[in-house]
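**Q** Sharing entry07.cif here; it has mmCIF, N, CA and C atoms.
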```cif
data_run
loop_
_atom_site.label_atom_id
_atom_site.label_comp_id
_atom_site.auth_asym_id
_atom_site.auth_seq_id
_atom_site.Cartn_x
_atom_site.Cartn_y
_atom_site.Cartn_z
N PRO H 28 -79.38 0.68 -78.49
CA PRO H 28 -78.73 -0.05 -77.40
C PRO H 28 -79.53 -1.30 -77.03
N ASP H 29 -78.84 -2.26 -76.49
CA ASP H 29 -79.50 -3.48 -76.01
C ASP H 29 -80.04 -3.31 -74.61
N LEU H 30 -79.46 -2.35 -73.87
CA LEU H 30 -79.75 -2.24 -72.45
C LEU H 30 -79.35 -0.86 -71.96
N PHE H 31 -80.15 -0.30 -71.07
CA PHE H 31 -79.78 0.94 -70.38
C PHE H 31 -79.47 0.60 -68.93
N ILE H 32 -78.48 1.27 -68.37
CA ILE H 32 -78.10 1.05 -66.98
C ILE H 32 -78.09 2.40 -66.27
N ILE H 33 -78.84 2.47 -65.19
CA ILE H 33 -78.83 3.68 -64.37
C ILE H 33 -78.14 3.31 -63.08
N ASN H 34 -77.02 3.94 -62.81
CA ASN H 34 -76.25 3.68 -61.60
C ASN H 34 -76.63 4.71 -60.54
N LYS H 35 -76.09 4.53 -59.37
CA LYS H 35 -76.32 5.43 -58.23
C LYS H 35 -77.78 5.40 -57.78
N CYS H 36 -78.39 4.24 -57.88
CA CYS H 36 -79.79 4.12 -57.48
C CYS H 36 -79.96 4.15 -55.96
N ASP H 37 -78.86 4.25 -55.23
CA ASP H 37 -78.96 4.46 -53.79
C ASP H 37 -79.34 5.91 -53.50
N GLU H 38 -79.13 6.79 -54.47
CA GLU H 38 -79.57 8.18 -54.37
C GLU H 38 -80.95 8.24 -55.02
N ALA H 39 -81.95 7.91 -54.25
CA ALA H 39 -83.29 7.58 -54.74
C ALA H 39 -83.91 8.62 -55.67
N ASP H 40 -83.95 9.86 -55.31
CA ASP H 40 -84.69 10.85 -56.09
C ASP H 40 -84.13 11.02 -57.50
N ALA H 41 -82.85 11.26 -57.61
CA ALA H 41 -82.25 11.48 -58.93
C ALA H 41 -82.37 10.24 -59.81
N ALA H 42 -82.12 9.07 -59.23
CA ALA H 42 -82.20 7.83 -60.00
C ALA H 42 -83.63 7.54 -60.44
N LYS H 43 -84.60 7.77 -59.57
CA LYS H 43 -86.00 7.55 -59.95
C LYS H 43 -86.42 8.48 -61.07
N LYS H 44 -86.02 9.73 -60.99
CA LYS H 44 -86.35 10.68 -62.04
C LYS H 44 -85.73 10.25 -63.36
N SER H 45 -84.47 9.84 -63.32
CA SER H 45 -83.79 9.39 -64.54
C SER H 45 -84.47 8.16 -65.12
N TYR H 46 -84.81 7.22 -64.27
CA TYR H 46 -85.47 5.99 -64.72
C TYR H 46 -86.79 6.31 -65.42
N HIS H 47 -87.63 7.09 -64.77
CA HIS H 47 -88.94 7.38 -65.34
C HIS H 47 -88.85 8.25 -66.59
N ALA H 48 -87.91 9.18 -66.63
CA ALA H 48 -87.73 10.00 -67.83
C ALA H 48 -87.27 9.15 -69.01
N LEU H 49 -86.34 8.25 -68.76
CA LEU H 49 -85.84 7.37 -69.82
C LEU H 49 -86.94 6.43 -70.28
N LYS H 50 -87.63 5.83 -69.35
CA LYS H 50 -88.69 4.87 -69.69
C LYS H 50 -89.78 5.54 -70.52
N SER H 51 -90.19 6.73 -70.14
CA SER H 51 -91.26 7.40 -70.89
C SER H 51 -90.79 7.89 -72.26
N SER H 52 -89.53 8.24 -72.40
CA SER H 52 -89.05 8.75 -73.69
C SER H 52 -88.75 7.64 -74.69
N LEU H 53 -88.48 6.43 -74.24
CA LEU H 53 -88.15 5.35 -75.18
C LEU H 53 -89.30 5.07 -76.14
N GLY H 54 -90.52 5.16 -75.67
CA GLY H 54 -91.66 4.92 -76.54
C GLY H 54 -91.77 5.93 -77.67
N PHE H 55 -91.33 7.15 -77.42
CA PHE H 55 -91.38 8.18 -78.45
C PHE H 55 -90.24 8.03 -79.44
N VAL H 56 -89.08 7.66 -78.94
CA VAL H 56 -87.90 7.57 -79.79
C VAL H 56 -87.96 6.35 -80.71
N ARG H 57 -88.38 5.24 -80.16
CA ARG H 57 -88.43 3.99 -80.92
C ARG H 57 -89.77 3.30 -80.71
N PRO H 58 -90.84 3.82 -81.28
CA PRO H 58 -92.16 3.25 -81.02
C PRO H 58 -92.36 1.85 -81.60
N ASP H 59 -91.66 1.51 -82.68
CA ASP H 59 -91.86 0.21 -83.31
C ASP H 59 -90.91 -0.86 -82.82
N GLU H 60 -90.02 -0.50 -81.95
CA GLU H 60 -89.00 -1.45 -81.50
C GLU H 60 -89.44 -2.21 -80.26
N ASN H 61 -88.88 -3.38 -80.11
CA ASN H 61 -89.17 -4.18 -78.91
C ASN H 61 -88.71 -3.44 -77.66
N HIS H 62 -89.17 -3.92 -76.57
CA HIS H 62 -88.85 -3.32 -75.28
C HIS H 62 -87.34 -3.38 -75.02
N ILE H 63 -86.79 -2.27 -74.54
CA ILE H 63 -85.37 -2.23 -74.15
C ILE H 63 -85.33 -2.15 -72.63
N ASP H 64 -84.58 -3.05 -72.02
CA ASP H 64 -84.50 -3.10 -70.57
C ASP H 64 -83.76 -1.90 -70.01
N ILE H 65 -84.21 -1.46 -68.83
CA ILE H 65 -83.53 -0.43 -68.08
C ILE H 65 -83.20 -1.03 -66.72
N MET H 66 -81.93 -1.19 -66.44
CA MET H 66 -81.52 -1.78 -65.16
C MET H 66 -81.09 -0.68 -64.20
N GLN H 67 -81.40 -0.88 -62.94
CA GLN H 67 -81.01 0.07 -61.90
C GLN H 67 -79.96 -0.59 -61.03
N THR H 68 -78.85 0.12 -60.82
CA THR H 68 -77.75 -0.43 -60.04
C THR H 68 -77.24 0.58 -59.03
N SER H 69 -76.48 0.05 -58.09
CA SER H 69 -75.78 0.90 -57.12
C SER H 69 -74.45 0.23 -56.79
N ALA H 70 -73.38 0.94 -57.03
CA ALA H 70 -72.06 0.40 -56.70
C ALA H 70 -71.85 0.37 -55.19
N ILE H 71 -72.50 1.27 -54.50
CA ILE H 71 -72.33 1.33 -53.04
C ILE H 71 -73.05 0.18 -52.35
N SER H 72 -74.32 -0.03 -52.68
CA SER H 72 -75.10 -1.07 -52.01
C SER H 72 -75.03 -2.42 -52.72
N GLY H 73 -74.61 -2.42 -53.99
CA GLY H 73 -74.56 -3.67 -54.75
C GLY H 73 -75.87 -3.99 -55.45
N LEU H 74 -76.84 -3.11 -55.33
CA LEU H 74 -78.15 -3.31 -55.94
C LEU H 74 -78.02 -3.57 -57.44
N GLY H 75 -78.55 -4.67 -57.90
CA GLY H 75 -78.63 -4.98 -59.32
C GLY H 75 -77.34 -5.40 -59.99
N LEU H 76 -76.24 -5.47 -59.28
CA LEU H 76 -74.97 -5.79 -59.93
C LEU H 76 -74.90 -7.23 -60.42
N ASP H 77 -75.38 -8.18 -59.63
CA ASP H 77 -75.38 -9.58 -60.07
C ASP H 77 -76.25 -9.75 -61.31
N GLU H 78 -77.41 -9.12 -61.30
CA GLU H 78 -78.30 -9.18 -62.45
C GLU H 78 -77.67 -8.53 -63.67
N LEU H 79 -76.96 -7.44 -63.44
CA LEU H 79 -76.29 -6.74 -64.55
C LEU H 79 -75.23 -7.63 -65.19
N VAL H 80 -74.41 -8.27 -64.38
CA VAL H 80 -73.38 -9.17 -64.91
C VAL H 80 -74.02 -10.28 -65.72
N GLU H 81 -75.07 -10.85 -65.21
CA GLU H 81 -75.78 -11.93 -65.91
C GLU H 81 -76.35 -11.43 -67.24
N ARG H 82 -76.98 -10.27 -67.20
CA ARG H 82 -77.62 -9.72 -68.41
C ARG H 82 -76.59 -9.35 -69.47
N VAL H 83 -75.50 -8.73 -69.07
CA VAL H 83 -74.47 -8.35 -70.02
C VAL H 83 -73.81 -9.58 -70.64
N SER H 84 -73.63 -10.62 -69.86
CA SER H 84 -73.02 -11.84 -70.40
C SER H 84 -73.91 -12.51 -71.43
N GLN H 85 -75.20 -12.20 -71.43
CA GLN H 85 -76.13 -12.79 -72.39
C GLN H 85 -76.27 -11.97 -73.67
N LEU H 86 -75.72 -10.76 -73.69
CA LEU H 86 -75.85 -9.92 -74.87
C LEU H 86 -75.04 -10.51 -76.02
N PRO H 87 -75.51 -10.32 -77.24
CA PRO H 87 -74.75 -10.83 -78.39
C PRO H 87 -73.41 -10.12 -78.49
N GLN H 88 -72.39 -10.88 -78.78
CA GLN H 88 -71.05 -10.32 -78.92
C GLN H 88 -70.85 -9.89 -80.36
N GLY H 89 -70.23 -8.74 -80.54
CA GLY H 89 -69.99 -8.21 -81.87
C GLY H 89 -68.92 -9.00 -82.61
N LYS H 90 -68.88 -8.83 -83.90
CA LYS H 90 -67.89 -9.49 -84.74
C LYS H 90 -66.57 -8.74 -84.76
N LEU H 91 -66.59 -7.49 -84.34
CA LEU H 91 -65.39 -6.66 -84.41
C LEU H 91 -64.50 -6.96 -83.21
N THR H 92 -63.38 -7.60 -83.45
CA THR H 92 -62.54 -8.03 -82.35
C THR H 92 -61.25 -7.23 -82.21
N SER H 93 -60.71 -6.75 -83.30
CA SER H 93 -59.44 -6.04 -83.21
C SER H 93 -59.65 -4.54 -83.46
N ILE H 94 -58.68 -3.77 -83.08
CA ILE H 94 -58.73 -2.33 -83.33
C ILE H 94 -58.81 -2.06 -84.83
N GLN H 95 -58.08 -2.84 -85.62
CA GLN H 95 -58.10 -2.66 -87.07
C GLN H 95 -59.49 -2.94 -87.64
N ASP H 96 -60.16 -3.97 -87.12
CA ASP H 96 -61.53 -4.27 -87.56
C ASP H 96 -62.47 -3.12 -87.22
N LYS H 97 -62.32 -2.58 -86.03
CA LYS H 97 -63.18 -1.48 -85.61
C LYS H 97 -62.94 -0.23 -86.44
N GLU H 98 -61.67 0.10 -86.66
CA GLU H 98 -61.35 1.27 -87.48
C GLU H 98 -61.88 1.11 -88.89
N ALA H 99 -61.72 -0.07 -89.46
CA ALA H 99 -62.22 -0.32 -90.81
C ALA H 99 -63.75 -0.19 -90.85
N HIS H 100 -64.41 -0.73 -89.85
CA HIS H 100 -65.87 -0.65 -89.78
C HIS H 100 -66.33 0.81 -89.74
N PHE H 101 -65.72 1.60 -88.86
CA PHE H 101 -66.14 2.99 -88.73
C PHE H 101 -65.72 3.84 -89.93
N PHE H 102 -64.61 3.47 -90.57
CA PHE H 102 -64.23 4.18 -91.79
C PHE H 102 -65.24 3.90 -92.90
N GLU H 103 -65.65 2.64 -93.03
CA GLU H 103 -66.67 2.29 -94.03
C GLU H 103 -67.97 3.04 -93.77
N LYS H 104 -68.36 3.13 -92.50
CA LYS H 104 -69.59 3.87 -92.15
C LYS H 104 -69.44 5.35 -92.51
N TRP H 105 -68.27 5.92 -92.24
CA TRP H 105 -68.04 7.32 -92.56
C TRP H 105 -68.13 7.53 -94.07
N VAL H 106 -67.49 6.67 -94.85
CA VAL H 106 -67.53 6.79 -96.30
C VAL H 106 -68.96 6.71 -96.79
N GLU H 107 -69.72 5.76 -96.29
CA GLU H 107 -71.12 5.59 -96.71
C GLU H 107 -71.95 6.83 -96.37
N GLU H 108 -71.75 7.37 -95.17
CA GLU H 108 -72.52 8.55 -94.76
C GLU H 108 -72.14 9.79 -95.55
N GLU H 109 -70.86 9.95 -95.85
CA GLU H 109 -70.40 11.14 -96.55
C GLU H 109 -70.60 11.07 -98.06
N PHE H 110 -70.40 9.88 -98.65
CA PHE H 110 -70.37 9.77 -100.10
C PHE H 110 -71.34 8.75 -100.68
N GLY H 111 -72.10 8.10 -99.82
CA GLY H 111 -73.11 7.15 -100.28
C GLY H 111 -72.51 5.92 -100.94
N ARG H 112 -73.33 5.30 -101.79
CA ARG H 112 -72.90 4.06 -102.47
C ARG H 112 -71.73 4.31 -103.41
N TRP H 113 -71.69 5.50 -103.99
CA TRP H 113 -70.59 5.83 -104.89
C TRP H 113 -69.25 5.76 -104.14
N GLY H 114 -69.19 6.35 -102.95
CA GLY H 114 -67.97 6.32 -102.15
C GLY H 114 -67.63 4.93 -101.68
N SER H 115 -68.65 4.18 -101.25
CA SER H 115 -68.40 2.80 -100.79
C SER H 115 -67.87 1.94 -101.92
N LYS H 116 -68.43 2.13 -103.11
CA LYS H 116 -67.97 1.35 -104.27
C LYS H 116 -66.52 1.70 -104.61
N ALA H 117 -66.18 2.99 -104.56
CA ALA H 117 -64.81 3.41 -104.84
C ALA H 117 -63.85 2.85 -103.80
N LEU H 118 -64.24 2.88 -102.53
CA LEU H 118 -63.39 2.34 -101.46
C LEU H 118 -63.10 0.87 -101.70
N LEU H 119 -64.12 0.13 -102.06
CA LEU H 119 -63.97 -1.31 -102.24
C LEU H 119 -63.23 -1.66 -103.54
N GLN H 120 -63.65 -1.08 -104.64
CA GLN H 120 -63.11 -1.48 -105.94
C GLN H 120 -61.79 -0.81 -106.30
N GLU H 121 -61.65 0.47 -106.00
CA GLU H 121 -60.46 1.19 -106.40
C GLU H 121 -59.35 1.20 -105.35
N LEU H 122 -59.75 1.07 -104.09
CA LEU H 122 -58.76 1.16 -103.01
C LEU H 122 -58.65 -0.12 -102.19
N GLN H 123 -59.23 -1.19 -102.65
CA GLN H 123 -59.16 -2.52 -102.04
C GLN H 123 -59.75 -2.60 -100.62
N GLY H 124 -60.68 -1.73 -100.32
CA GLY H 124 -61.39 -1.81 -99.06
C GLY H 124 -60.75 -1.00 -97.93
N ALA H 125 -61.51 -0.88 -96.85
CA ALA H 125 -61.09 -0.04 -95.73
C ALA H 125 -59.84 -0.56 -95.04
N HIS H 126 -59.73 -1.88 -94.85
CA HIS H 126 -58.55 -2.44 -94.17
C HIS H 126 -57.27 -2.04 -94.91
N GLU H 127 -57.27 -2.25 -96.20
CA GLU H 127 -56.07 -1.96 -97.00
C GLU H 127 -55.79 -0.46 -97.05
N PHE H 128 -56.83 0.33 -97.22
CA PHE H 128 -56.64 1.78 -97.29
C PHE H 128 -56.11 2.32 -95.97
N LEU H 129 -56.62 1.83 -94.86
CA LEU H 129 -56.16 2.31 -93.55
C LEU H 129 -54.73 1.89 -93.24
N LYS H 130 -54.27 0.81 -93.82
CA LYS H 130 -52.88 0.39 -93.61
C LYS H 130 -51.90 1.42 -94.17
N LEU H 131 -52.33 2.17 -95.18
CA LEU H 131 -51.47 3.15 -95.84
C LEU H 131 -51.50 4.51 -95.18
N ASN H 132 -52.35 4.69 -94.17
CA ASN H 132 -52.53 5.99 -93.54
C ASN H 132 -52.28 5.89 -92.05
N PRO H 133 -51.44 6.77 -91.51
CA PRO H 133 -51.06 6.68 -90.10
C PRO H 133 -52.19 6.94 -89.11
N SER H 134 -53.19 7.72 -89.51
CA SER H 134 -54.29 7.99 -88.57
C SER H 134 -55.62 8.00 -89.32
N PHE H 135 -56.67 7.86 -88.56
CA PHE H 135 -58.02 7.88 -89.12
C PHE H 135 -58.30 9.21 -89.81
N ASP H 136 -57.91 10.31 -89.16
CA ASP H 136 -58.14 11.64 -89.74
C ASP H 136 -57.40 11.81 -91.06
N GLU H 137 -56.16 11.34 -91.11
CA GLU H 137 -55.40 11.43 -92.35
C GLU H 137 -56.01 10.55 -93.43
N ALA H 138 -56.56 9.42 -93.03
CA ALA H 138 -57.21 8.54 -94.00
C ALA H 138 -58.44 9.24 -94.59
N GLN H 139 -59.19 9.95 -93.77
CA GLN H 139 -60.34 10.68 -94.28
C GLN H 139 -59.91 11.75 -95.30
N THR H 140 -58.88 12.51 -94.94
CA THR H 140 -58.39 13.56 -95.83
C THR H 140 -57.88 12.96 -97.13
N ARG H 141 -57.11 11.89 -97.03
CA ARG H 141 -56.56 11.26 -98.23
C ARG H 141 -57.66 10.66 -99.10
N PHE H 142 -58.67 10.07 -98.46
CA PHE H 142 -59.76 9.47 -99.22
C PHE H 142 -60.46 10.55 -100.06
N LYS H 143 -60.70 11.71 -99.48
CA LYS H 143 -61.33 12.80 -100.22
C LYS H 143 -60.48 13.20 -101.42
N LYS H 144 -59.18 13.29 -101.21
CA LYS H 144 -58.27 13.67 -102.30
C LYS H 144 -58.28 12.63 -103.40
N VAL H 145 -58.23 11.35 -103.01
CA VAL H 145 -58.22 10.28 -103.99
C VAL H 145 -59.54 10.23 -104.75
N LEU H 146 -60.61 10.42 -104.04
CA LEU H 146 -61.96 10.34 -104.63
C LEU H 146 -62.19 11.45 -105.64
N PHE H 147 -61.69 12.64 -105.35
CA PHE H 147 -61.96 13.78 -106.22
C PHE H 147 -60.76 14.17 -107.09
N ALA H 148 -59.78 13.31 -107.19
CA ALA H 148 -58.60 13.59 -108.03
C ALA H 148 -58.93 13.44 -109.50
#
```
Let me see the file written as structure tokens.

**A**
Amino acid sequence: PDLFIINKCDEADAAKKSYHALKSSLGFVRPDENHIDIMQTSAISGLGLDELVERVSQLPQGKLTSIQDKEAHFFEKWVEEEFGRWGSKALLQELQGAHEFLKLNPSFDEAQTRFKKVLFA
């Protein structure tokens, strides 16, 4: 993640515990990574909301703009995780890529099932 947000910081004890637990665990989870900001907000008091809007507006925007782009992206990731480079190569070369393959299948789940059948036919 680019940023963590802890809301309900008007409820001091729970929010403080969450903040400190998250802050201390980040070093263990990602020791080699740059610092990740943790923002504290409160919808009731407005604490940190202006800063949050400013910070979120500065985050890099993804390239995935349409639902079809997102589905294709996640389908490609699924193929890579399940079948490695062999599956990715088959998706691209034999089935003309995730966009084209997903056009032929009514749902993501059906596309997964069909891909397995096509791959092992």

**Q** As number ranges by chain, list the residues of chain H assigned to strand (DSSP E or B) by DSSP on the backbone atoms of this structure.

**A** H: 30-33, 64-67

**Q** To one decimal place, how far is atom C of H:Lys97 from atom CA of H:Ala125 in Å?

**A**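 For atom C of H:Lys97 relative to atom CA of H:Ala125, the distance reads 9.5 Å.
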
**Q** Go through stretch 51-139 of chain H and collect every residue that DSSP, computed from the backbone, puts in helix (DSSP H, G or I); the answer should be as a PyMOL selection string.

**A** chain H and resi 51-56+76-85+94-120+124-130+135-139

**Q** For the file shown, what are the residues hit by the PyMOL selection byres ((chain H and resi 98-103) around 8), laid out as JSON, numbers by chain?

**A** {"H": [93, 94, 95, 96, 97, 104, 105, 106, 107, 108, 109, 115, 124, 125, 126, 127, 129, 135, 139]}

**Q** Step by step, work through what the PyMOL selection byres (((chain H and resi 30 and name CA) around 12) and name CA) selects in the shown file, and finish by giving those residues as a list in words.

**A**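 Output of the PyMOL selection byres (((chain H and resi 30 and name CA) around 12) and name CA): Pro28, Asp29, Phe31, Ile32, Ile33, Leu49, Lys50, Leu53, Asn61, His62, Ile63, Asp64, Ile65, Met66, Gln67, Leu79, Arg82, Val83, Ser84, Gln85, Leu86 and Pro87 of chain H.
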
**Q** Go ahead and save the picked residues with N, CA and C atoms, as a compact mmCIF listing (two decimals), keeping the file's coordinate frame.

**A**
```
# COMPACT_ATOMS: atom_id res chain seq x y z
N PRO H 28 -79.38 0.68 -78.49
CA PRO H 28 -78.73 -0.05 -77.40
C PRO H 28 -79.53 -1.30 -77.03
N ASP H 29 -78.84 -2.26 -76.49
CA ASP H 29 -79.50 -3.48 -76.01
C ASP H 29 -80.04 -3.31 -74.61
N PHE H 31 -80.15 -0.30 -71.07
CA PHE H 31 -79.78 0.94 -70.38
C PHE H 31 -79.47 0.60 -68.93
N ILE H 32 -78.48 1.27 -68.37
CA ILE H 32 -78.10 1.05 -66.98
C ILE H 32 -78.09 2.40 -66.27
N ILE H 33 -78.84 2.47 -65.19
CA ILE H 33 -78.83 3.68 -64.37
C ILE H 33 -78.14 3.31 -63.08
N LEU H 49 -86.34 8.25 -68.76
CA LEU H 49 -85.84 7.37 -69.82
C LEU H 49 -86.94 6.43 -70.28
N LYS H 50 -87.63 5.83 -69.35
CA LYS H 50 -88.69 4.87 -69.69
C LYS H 50 -89.78 5.54 -70.52
N LEU H 53 -88.48 6.43 -74.24
CA LEU H 53 -88.15 5.35 -75.18
C LEU H 53 -89.30 5.07 -76.14
N ASN H 61 -88.88 -3.38 -80.11
CA ASN H 61 -89.17 -4.18 -78.91
C ASN H 61 -88.71 -3.44 -77.66
N HIS H 62 -89.17 -3.92 -76.57
CA HIS H 62 -88.85 -3.32 -75.28
C HIS H 62 -87.34 -3.38 -75.02
N ILE H 63 -86.79 -2.27 -74.54
CA ILE H 63 -85.37 -2.23 -74.15
C ILE H 63 -85.33 -2.15 -72.63
N ASP H 64 -84.58 -3.05 -72.02
CA ASP H 64 -84.50 -3.10 -70.57
C ASP H 64 -83.76 -1.90 -70.01
N ILE H 65 -84.21 -1.46 -68.83
CA ILE H 65 -83.53 -0.43 -68.08
C ILE H 65 -83.20 -1.03 -66.72
N MET H 66 -81.93 -1.19 -66.44
CA MET H 66 -81.52 -1.78 -65.16
C MET H 66 -81.09 -0.68 -64.20
N GLN H 67 -81.40 -0.88 -62.94
CA GLN H 67 -81.01 0.07 -61.90
C GLN H 67 -79.96 -0.59 -61.03
N LEU H 79 -76.96 -7.44 -63.44
CA LEU H 79 -76.29 -6.74 -64.55
C LEU H 79 -75.23 -7.63 -65.19
N ARG H 82 -76.98 -10.27 -67.20
CA ARG H 82 -77.62 -9.72 -68.41
C ARG H 82 -76.59 -9.35 -69.47
N VAL H 83 -75.50 -8.73 -69.07
CA VAL H 83 -74.47 -8.35 -70.02
C VAL H 83 -73.81 -9.58 -70.64
N SER H 84 -73.63 -10.62 -69.86
CA SER H 84 -73.02 -11.84 -70.40
C SER H 84 -73.91 -12.51 -71.43
N GLN H 85 -75.20 -12.20 -71.43
CA GLN H 85 -76.13 -12.79 -72.39
C GLN H 85 -76.27 -11.97 -73.67
N LEU H 86 -75.72 -10.76 -73.69
CA LEU H 86 -75.85 -9.92 -74.87
C LEU H 86 -75.04 -10.51 -76.02
N PRO H 87 -75.51 -10.32 -77.24
CA PRO H 87 -74.75 -10.83 -78.39
C PRO H 87 -73.41 -10.12 -78.49
```

**Q** Using only C-alpha atoms, which of the listed residues (H:Phe142, H:Asp136, H:Lys44, H:Ser51) sits closest to H:Leu122?

**A** H:Phe142

**Q** Run the PyMOL selection byres ((chain H and resi 35) around 7) mentally over the shown coordinates, then write out the matched residues as a ChimeraX atom specification, using the chain letters and numbers from the document.

**A** /H:33-34,36-39,41-42,67-71

**Q** If I take atom CA of H:Gly75 and atom C of H:Ala48, how far is one from the other in Å, to one decimal?

**A**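 Between these atoms lies a distance of 19.2 Å.
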
**Q** Distance atom CA of H:Ser45-atom C of H:Gly73, one decimal place?

**A** 18.0 Å

**Q** From the options H:Leu146, H:Pro133, H:Lys43, H:Ser52, which residue's atoms come nearest to H:Ala117, counting all atoms listed in the file?

**A** H:Leu146
